[in-house]
Amino acid sequence: MTEFRSQFHADLNRLEVLLLDMAEMAEDQITRAVDSLLTADAALAHQVVVDDRRIDLLYVDVERRWHEVMARQTPVASDLRLMSLVLQTGHSLERMGDQASNIARIVELTAGLPRNETILLHIREMRSVVVPMLQTAMEALVKRDLNLALRLPELDDPADWLNRNMWREVAACGPDPALLEWAIHMMLVSRALERVGDRAVDIGEQVAFLLTGEFREFPEGWTLARRTE
């Protein structure tokens, strides 16, 4: 391998390490944001909002390094796909951090309102779905594993189902105006977590693109049968 190519791969490895750092931060932010909601901890929610800046700054660093690599190198074929994956994954992780911040802001906004334990249970369940999805997406990236990437739409189904059915629990809060106000905000929390799952699927799509050279949105464009092709 030439010195030129060695430097290119070293640069890409550094970018991947930054993505893993971003993923760890995003996972922590999502976990703490939901914790702040479940425990009505406004101080923790505020800290999540403040800490969102850390992910933003790391994404800026990823973008800066990405442009430096593109300026120095002339990636083609699979190298160009990997560069695309790095940039798109960084964006998805940054948006996950934003969703965590959105949840935390809602916790601050709804402080003092009555709460509904069934709705909180739904939100806890959604977190238990989307956080492992993020972990699976990053594992697929690190291992270059198409099978793991193709699992993500199936893993996302429970989050989609919980989000679609949140309105039923919200509607049941109608007789109590204060509780209904809180519950309507919880629909936004549900939507934020559902979007985290969608972003994990987006990362899986980028991994599939890297490995196959074909970009198709999940699940319509890919099937689990493609694992054996």
# chains A, B, ... in the order shown; residues from 1 in each chain; ligands from 1
>>> residues_around(residues="range 27-39 of chain A", least_positions_apart="3", cutoff="8 Å", atoms="only C-alpha atoms", output="list in words")
Ala23, Glu24, Ala42, Leu44, Ala45, Val48, Asp51, Asp52, Met96, Gly97, Gln99, Ala100, Ser101, Ile103, Ala104, Val107, Leu120, Ile123, Arg124, Arg127, Val131 and Leu134 of chain A
>>> write_last_selection(atoms="N, CA and C atoms", output="JSON list (two decimals), in the first residue's frame")
[["chain", "number", "residue", "atom", "x", "y", "z"],
["A", 23, "ALA", "N", -21.86, 8.49, 18.62],
["A", 23, "ALA", "CA", -22.90, 7.51, 18.92],
["A", 23, "ALA", "C", -23.01, 7.28, 20.43],
["A", 24, "GLU", "N", -21.86, 7.21, 21.09],
["A", 24, "GLU", "CA", -21.88, 7.03, 22.55],
["A", 24, "GLU", "C", -22.55, 8.23, 23.23],
["A", 42, "ALA", "N", -36.17, 18.05, 36.39],
["A", 42, "ALA", "CA", -35.95, 19.20, 35.51],
["A", 42, "ALA", "C", -34.47, 19.57, 35.43],
["A", 44, "LEU", "N", -31.89, 17.51, 35.53],
["A", 44, "LEU", "CA", -31.26, 16.59, 34.58],
["A", 44, "LEU", "C", -31.65, 16.95, 33.15],
["A", 45, "ALA", "N", -32.91, 17.31, 32.96],
["A", 45, "ALA", "CA", -33.36, 17.71, 31.63],
["A", 45, "ALA", "C", -32.57, 18.92, 31.14],
["A", 48, "VAL", "N", -29.17, 17.88, 29.94],
["A", 48, "VAL", "CA", -29.22, 17.25, 28.62],
["A", 48, "VAL", "C", -29.25, 18.33, 27.53],
["A", 51, "ASP", "N", -25.79, 19.78, 27.26],
["A", 51, "ASP", "CA", -24.80, 18.84, 26.71],
["A", 51, "ASP", "C", -24.99, 18.56, 25.22],
["A", 52, "ASP", "N", -26.13, 18.96, 24.67],
["A", 52, "ASP", "CA", -26.33, 18.77, 23.23],
["A", 52, "ASP", "C", -25.26, 19.49, 22.43],
["A", 96, "MET", "N", -30.05, 12.72, 16.22],
["A", 96, "MET", "CA", -30.47, 11.97, 17.41],
["A", 96, "MET", "C", -30.23, 12.79, 18.67],
["A", 97, "GLY", "N", -29.09, 13.44, 18.74],
["A", 97, "GLY", "CA", -28.81, 14.30, 19.88],
["A", 97, "GLY", "C", -29.83, 15.42, 19.98],
["A", 99, "GLN", "N", -32.92, 15.28, 19.00],
["A", 99, "GLN", "CA", -34.18, 14.71, 19.49],
["A", 99, "GLN", "C", -34.14, 14.53, 21.01],
["A", 100, "ALA", "N", -33.00, 14.11, 21.54],
["A", 100, "ALA", "CA", -32.86, 14.00, 22.99],
["A", 100, "ALA", "C", -33.04, 15.36, 23.65],
["A", 101, "SER", "N", -32.44, 16.38, 23.04],
["A", 101, "SER", "CA", -32.60, 17.74, 23.57],
["A", 101, "SER", "C", -34.05, 18.19, 23.51],
["A", 103, "ILE", "N", -36.69, 16.29, 23.77],
["A", 103, "ILE", "CA", -37.39, 15.62, 24.86],
["A", 103, "ILE", "C", -37.12, 16.34, 26.18],
["A", 104, "ALA", "N", -35.86, 16.69, 26.40],
["A", 104, "ALA", "CA", -35.49, 17.36, 27.65],
["A", 104, "ALA", "C", -36.19, 18.71, 27.77],
["A", 107, "VAL", "N", -39.61, 18.19, 28.99],
["A", 107, "VAL", "CA", -39.63, 17.92, 30.43],
["A", 107, "VAL", "C", -39.64, 19.24, 31.20],
["A", 120, "LEU", "N", -46.12, 7.00, 30.39],
["A", 120, "LEU", "CA", -44.70, 6.91, 30.75],
["A", 120, "LEU", "C", -44.15, 5.52, 30.45],
["A", 123, "ILE", "N", -43.40, 5.27, 26.79],
["A", 123, "ILE", "CA", -42.17, 5.99, 26.44],
["A", 123, "ILE", "C", -40.94, 5.19, 26.89],
["A", 124, "ARG", "N", -41.02, 4.57, 28.06],
["A", 124, "ARG", "CA", -39.92, 3.72, 28.52],
["A", 124, "ARG", "C", -39.71, 2.56, 27.53],
["A", 127, "ARG", "N", -37.93, 3.75, 24.40],
["A", 127, "ARG", "CA", -36.49, 3.89, 24.60],
["A", 127, "ARG", "C", -35.80, 2.53, 24.56],
["A", 131, "VAL", "N", -32.76, 2.63, 21.58],
["A", 131, "VAL", "CA", -31.36, 2.64, 21.99],
["A", 131, "VAL", "C", -30.61, 1.40, 21.47],
["A", 134, "LEU", "N", -29.80, 1.92, 17.79],
["A", 134, "LEU", "CA", -28.60, 2.71, 17.57],
["A", 134, "LEU", "C", -27.36, 1.85, 17.73]]
>>> residues_around(residues="Leu82 in chain A", least_positions_apart="6", cutoff="10 Å", atoms="only C-alpha atoms", output="list of chain:residue names")
A:Leu12, A:Glu16, A:Pro75, A:Val76, A:Gln88, A:Gln206, A:Val207, A:Phe209, A:Leu210, A:Leu211
>>> closest_residue(among="A:Leu85, A:Leu109, A:Leu15, A:Leu148", to="Asp41 in chain A", atoms="only C-alpha atoms")
A:Leu109
>>> residues_around(residues="Met126 in chain A", least_positions_apart="2", cutoff="12 Å", atoms="only C-alpha atoms", output="ChimeraX atom specification")
/A:30-31,34,119-124,128-133,155-166,189-197
>>> write_last_selection(atoms="C-alpha atoms", output="PDB file, in the first residue's frame")
ATOM      1  CA  ILE A  30     -31.321   9.759  24.794  1.00  0.00           C
ATOM      2  CA  THR A  31     -31.053   7.673  27.957  1.00  0.00           C
ATOM      3  CA  VAL A  34     -35.969   9.835  29.014  1.00  0.00           C
ATOM      4  CA  ILE A 119     -47.997   6.886  28.869  1.00  0.00           C
ATOM      5  CA  LEU A 120     -44.700   6.907  30.747  1.00  0.00           C
ATOM      6  CA  LEU A 121     -44.546   3.138  30.353  1.00  0.00           C
ATOM      7  CA  HIS A 122     -45.001   3.485  26.588  1.00  0.00           C
ATOM      8  CA  ILE A 123     -42.167   5.990  26.445  1.00  0.00           C
ATOM      9  CA  ARG A 124     -39.924   3.722  28.516  1.00  0.00           C
ATOM     10  CA  SER A 128     -35.849   0.181  25.159  1.00  0.00           C
ATOM     11  CA  VAL A 129     -36.371  -0.278  21.411  1.00  0.00           C
ATOM     12  CA  VAL A 130     -34.526   2.668  19.869  1.00  0.00           C
ATOM     13  CA  VAL A 131     -31.355   2.638  21.995  1.00  0.00           C
ATOM     14  CA  PRO A 132     -30.504  -0.966  20.967  1.00  0.00           C
ATOM     15  CA  MET A 133     -31.298   0.047  17.383  1.00  0.00           C
ATOM     16  CA  LEU A 155     -36.285  -3.786  15.002  1.00  0.00           C
ATOM     17  CA  ASP A 156     -37.993  -0.479  14.249  1.00  0.00           C
ATOM     18  CA  ASP A 157     -41.494  -1.973  13.993  1.00  0.00           C
ATOM     19  CA  PRO A 158     -42.259  -1.889  17.753  1.00  0.00           C
ATOM     20  CA  ALA A 159     -41.244   1.780  17.988  1.00  0.00           C
ATOM     21  CA  ASP A 160     -43.487   2.635  15.046  1.00  0.00           C
ATOM     22  CA  TRP A 161     -46.367   0.706  16.623  1.00  0.00           C
ATOM     23  CA  LEU A 162     -45.982   2.415  19.988  1.00  0.00           C
ATOM     24  CA  ASN A 163     -45.814   5.824  18.345  1.00  0.00           C
ATOM     25  CA  ARG A 164     -48.911   5.193  16.205  1.00  0.00           C
ATOM     26  CA  ASN A 165     -50.928   4.064  19.214  1.00  0.00           C
ATOM     27  CA  MET A 166     -49.877   6.802  21.617  1.00  0.00           C
ATOM     28  CA  VAL A 189     -41.738  12.836  22.974  1.00  0.00           C
ATOM     29  CA  SER A 190     -43.034   9.692  21.296  1.00  0.00           C
ATOM     30  CA  ARG A 191     -42.432  11.203  17.895  1.00  0.00           C
ATOM     31  CA  ALA A 192     -38.895  12.213  18.873  1.00  0.00           C
ATOM     32  CA  LEU A 193     -38.057   8.649  19.907  1.00  0.00           C
ATOM     33  CA  GLU A 194     -39.632   7.293  16.742  1.00  0.00           C
ATOM     34  CA  ARG A 195     -37.354   9.600  14.756  1.00  0.00           C
ATOM     35  CA  VAL A 196     -34.328   8.232  16.629  1.00  0.00           C
ATOM     36  CA  GLY A 197     -35.312   4.782  15.380  1.00  0.00           C
TER      37      GLY A 197
END
>>> residues_around(residues="Asp11 in chain A", least_positions_apart="6", cutoff="9 Å", atoms="only C-alpha atoms", output="list in words")
Arg65, Trp66 and Val69 of chain A
>>> write_last_selection(atoms="C-alpha atoms", output="compact mmCIF listing (two decimals), in the first residue's frame")
# COMPACT_ATOMS: atom_id res chain seq x y z
CA ARG A 65 -12.07 16.57 8.84
CA TRP A 66 -14.30 15.09 6.12
CA VAL A 69 -9.86 14.36 3.46
>>> closest_residue(among="A:Arg115, A:Arg64, A:Arg216, A:Arg151", to="Leu180 in chain A", atoms="only C-alpha atoms")
A:Arg115
>>> atom_distance(atom1="CA of Thr118 in chain A", atom2="CA of Asp198 in chain A")
23.8 Å
>>> closest_residue(among="A:Asp202, A:Ile184, A:Trp167, A:Ala26", to="Arg53 in chain A", atoms="only C-alpha atoms")
A:Ala26
>>> atom_distance(atom1="CA of Phe215 in chain A", atom2="CA of Asp61 in chain A")
26.3 Å
>>> decode(residues="range 63-104 of chain A", atoms="N, CA and C atoms", output="JSON list (two decimals), in the first residue's frame")
[["chain", "number", "residue", "atom", "x", "y", "z"],
["A", 63, "GLU", "N", -17.31, 17.05, 10.13],
["A", 63, "GLU", "CA", -17.47, 17.71, 8.84],
["A", 63, "GLU", "C", -16.16, 18.36, 8.38],
["A", 64, "ARG", "N", -15.49, 19.03, 9.31],
["A", 64, "ARG", "CA", -14.23, 19.69, 8.96],
["A", 64, "ARG", "C", -13.21, 18.68, 8.48],
["A", 65, "ARG", "N", -13.04, 17.60, 9.23],
["A", 65, "ARG", "CA", -12.07, 16.57, 8.84],
["A", 65, "ARG", "C", -12.49, 15.90, 7.53],
["A", 66, "TRP", "N", -13.79, 15.71, 7.35],
["A", 66, "TRP", "CA", -14.30, 15.09, 6.12],
["A", 66, "TRP", "C", -13.90, 15.93, 4.91],
["A", 67, "HIS", "N", -14.10, 17.23, 5.01],
["A", 67, "HIS", "CA", -13.74, 18.11, 3.89],
["A", 67, "HIS", "C", -12.23, 18.13, 3.66],
["A", 68, "GLU", "N", -11.44, 18.04, 4.71],
["A", 68, "GLU", "CA", -9.99, 18.01, 4.56],
["A", 68, "GLU", "C", -9.57, 16.75, 3.80],
["A", 69, "VAL", "N", -10.18, 15.61, 4.15],
["A", 69, "VAL", "CA", -9.86, 14.36, 3.46],
["A", 69, "VAL", "C", -10.26, 14.44, 1.99],
["A", 70, "MET", "N", -11.43, 14.96, 1.72],
["A", 70, "MET", "CA", -11.90, 15.08, 0.34],
["A", 70, "MET", "C", -11.00, 16.00, -0.48],
["A", 71, "ALA", "N", -10.47, 17.04, 0.19],
["A", 71, "ALA", "CA", -9.60, 17.98, -0.52],
["A", 71, "ALA", "C", -8.25, 17.37, -0.84],
["A", 72, "ARG", "N", -7.75, 16.50, 0.05],
["A", 72, "ARG", "CA", -6.43, 15.90, -0.14],
["A", 72, "ARG", "C", -6.46, 14.65, -1.01],
["A", 73, "GLN", "N", -7.59, 13.96, -1.00],
["A", 73, "GLN", "CA", -7.67, 12.67, -1.67],
["A", 73, "GLN", "C", -8.65, 12.75, -2.84],
["A", 74, "THR", "N", -8.66, 11.73, -3.64],
["A", 74, "THR", "CA", -9.64, 11.63, -4.73],
["A", 74, "THR", "C", -10.31, 10.26, -4.63],
["A", 75, "PRO", "N", -11.19, 10.10, -3.63],
["A", 75, "PRO", "CA", -11.81, 8.78, -3.42],
["A", 75, "PRO", "C", -12.71, 8.38, -4.58],
["A", 76, "VAL", "N", -12.69, 7.10, -4.89],
["A", 76, "VAL", "CA", -13.55, 6.57, -5.95],
["A", 76, "VAL", "C", -14.20, 5.29, -5.44],
["A", 77, "ALA", "N", -15.28, 4.88, -6.11],
["A", 77, "ALA", "CA", -15.95, 3.60, -5.85],
["A", 77, "ALA", "C", -16.24, 3.41, -4.36],
["A", 78, "SER", "N", -15.74, 2.32, -3.79],
["A", 78, "SER", "CA", -16.07, 2.00, -2.40],
["A", 78, "SER", "C", -15.56, 3.06, -1.43],
["A", 79, "ASP", "N", -14.41, 3.69, -1.75],
["A", 79, "ASP", "CA", -13.90, 4.75, -0.89],
["A", 79, "ASP", "C", -14.87, 5.93, -0.85],
["A", 80, "LEU", "N", -15.43, 6.27, -1.99],
["A", 80, "LEU", "CA", -16.39, 7.37, -2.05],
["A", 80, "LEU", "C", -17.65, 7.01, -1.28],
["A", 81, "ARG", "N", -18.08, 5.77, -1.36],
["A", 81, "ARG", "CA", -19.25, 5.33, -0.60],
["A", 81, "ARG", "C", -18.98, 5.43, 0.89],
["A", 82, "LEU", "N", -17.77, 5.08, 1.31],
["A", 82, "LEU", "CA", -17.43, 5.17, 2.72],
["A", 82, "LEU", "C", -17.43, 6.62, 3.18],
["A", 83, "MET", "N", -16.94, 7.51, 2.35],
["A", 83, "MET", "CA", -16.98, 8.93, 2.70],
["A", 83, "MET", "C", -18.43, 9.41, 2.84],
["A", 84, "SER", "N", -19.29, 8.93, 1.96],
["A", 84, "SER", "CA", -20.71, 9.28, 2.06],
["A", 84, "SER", "C", -21.31, 8.76, 3.36],
["A", 85, "LEU", "N", -20.97, 7.51, 3.70],
["A", 85, "LEU", "CA", -21.48, 6.92, 4.94],
["A", 85, "LEU", "C", -21.04, 7.75, 6.15],
["A", 86, "VAL", "N", -19.79, 8.17, 6.18],
["A", 86, "VAL", "CA", -19.29, 8.94, 7.31],
["A", 86, "VAL", "C", -20.09, 10.22, 7.48],
["A", 87, "LEU", "N", -20.29, 10.95, 6.40],
["A", 87, "LEU", "CA", -20.99, 12.22, 6.49],
["A", 87, "LEU", "C", -22.45, 12.03, 6.88],
["A", 88, "GLN", "N", -23.13, 11.06, 6.25],
["A", 88, "GLN", "CA", -24.54, 10.84, 6.53],
["A", 88, "GLN", "C", -24.76, 10.29, 7.94],
["A", 89, "THR", "N", -23.86, 9.42, 8.38],
["A", 89, "THR", "CA", -23.98, 8.89, 9.74],
["A", 89, "THR", "C", -23.76, 9.98, 10.77],
["A", 90, "GLY", "N", -22.79, 10.83, 10.53],
["A", 90, "GLY", "CA", -22.57, 11.95, 11.44],
["A", 90, "GLY", "C", -23.80, 12.83, 11.56],
["A", 91, "HIS", "N", -24.44, 13.09, 10.43],
["A", 91, "HIS", "CA", -25.66, 13.90, 10.44],
["A", 91, "HIS", "C", -26.78, 13.20, 11.22],
["A", 92, "SER", "N", -26.94, 11.90, 11.00],
["A", 92, "SER", "CA", -27.99, 11.16, 11.71],
["A", 92, "SER", "C", -27.75, 11.17, 13.21],
["A", 93, "LEU", "N", -26.50, 11.01, 13.63],
["A", 93, "LEU", "CA", -26.19, 11.01, 15.06],
["A", 93, "LEU", "C", -26.41, 12.39, 15.67],
["A", 94, "GLU", "N", -26.07, 13.42, 14.92],
["A", 94, "GLU", "CA", -26.31, 14.78, 15.42],
["A", 94, "GLU", "C", -27.79, 15.03, 15.60],
["A", 95, "ARG", "N", -28.60, 14.53, 14.68],
["A", 95, "ARG", "CA", -30.05, 14.70, 14.78],
["A", 95, "ARG", "C", -30.62, 13.89, 15.94],
["A", 96, "MET", "N", -30.05, 12.72, 16.22],
["A", 96, "MET", "CA", -30.47, 11.97, 17.41],
["A", 96, "MET", "C", -30.23, 12.79, 18.67],
["A", 97, "GLY", "N", -29.09, 13.44, 18.74],
["A", 97, "GLY", "CA", -28.81, 14.30, 19.88],
["A", 97, "GLY", "C", -29.83, 15.42, 19.98],
["A", 98, "ASP", "N", -30.22, 15.98, 18.85],
["A", 98, "ASP", "CA", -31.23, 17.03, 18.85],
["A", 98, "ASP", "C", -32.57, 16.51, 19.38],
["A", 99, "GLN", "N", -32.92, 15.28, 19.00],
["A", 99, "GLN", "CA", -34.18, 14.71, 19.49],
["A", 99, "GLN", "C", -34.14, 14.53, 21.01],
["A", 100, "ALA", "N", -33.00, 14.11, 21.54],
["A", 100, "ALA", "CA", -32.86, 14.00, 22.99],
["A", 100, "ALA", "C", -33.04, 15.36, 23.65],
["A", 101, "SER", "N", -32.44, 16.38, 23.04],
["A", 101, "SER", "CA", -32.60, 17.74, 23.57],
["A", 101, "SER", "C", -34.05, 18.19, 23.51],
["A", 102, "ASN", "N", -34.75, 17.84, 22.44],
["A", 102, "ASN", "CA", -36.17, 18.19, 22.33],
["A", 102, "ASN", "C", -36.99, 17.56, 23.47],
["A", 103, "ILE", "N", -36.69, 16.29, 23.77],
["A", 103, "ILE", "CA", -37.39, 15.62, 24.86],
["A", 103, "ILE", "C", -37.12, 16.34, 26.18],
["A", 104, "ALA", "N", -35.86, 16.69, 26.40],
["A", 104, "ALA", "CA", -35.49, 17.36, 27.65],
["A", 104, "ALA", "C", -36.19, 18.71, 27.77]]
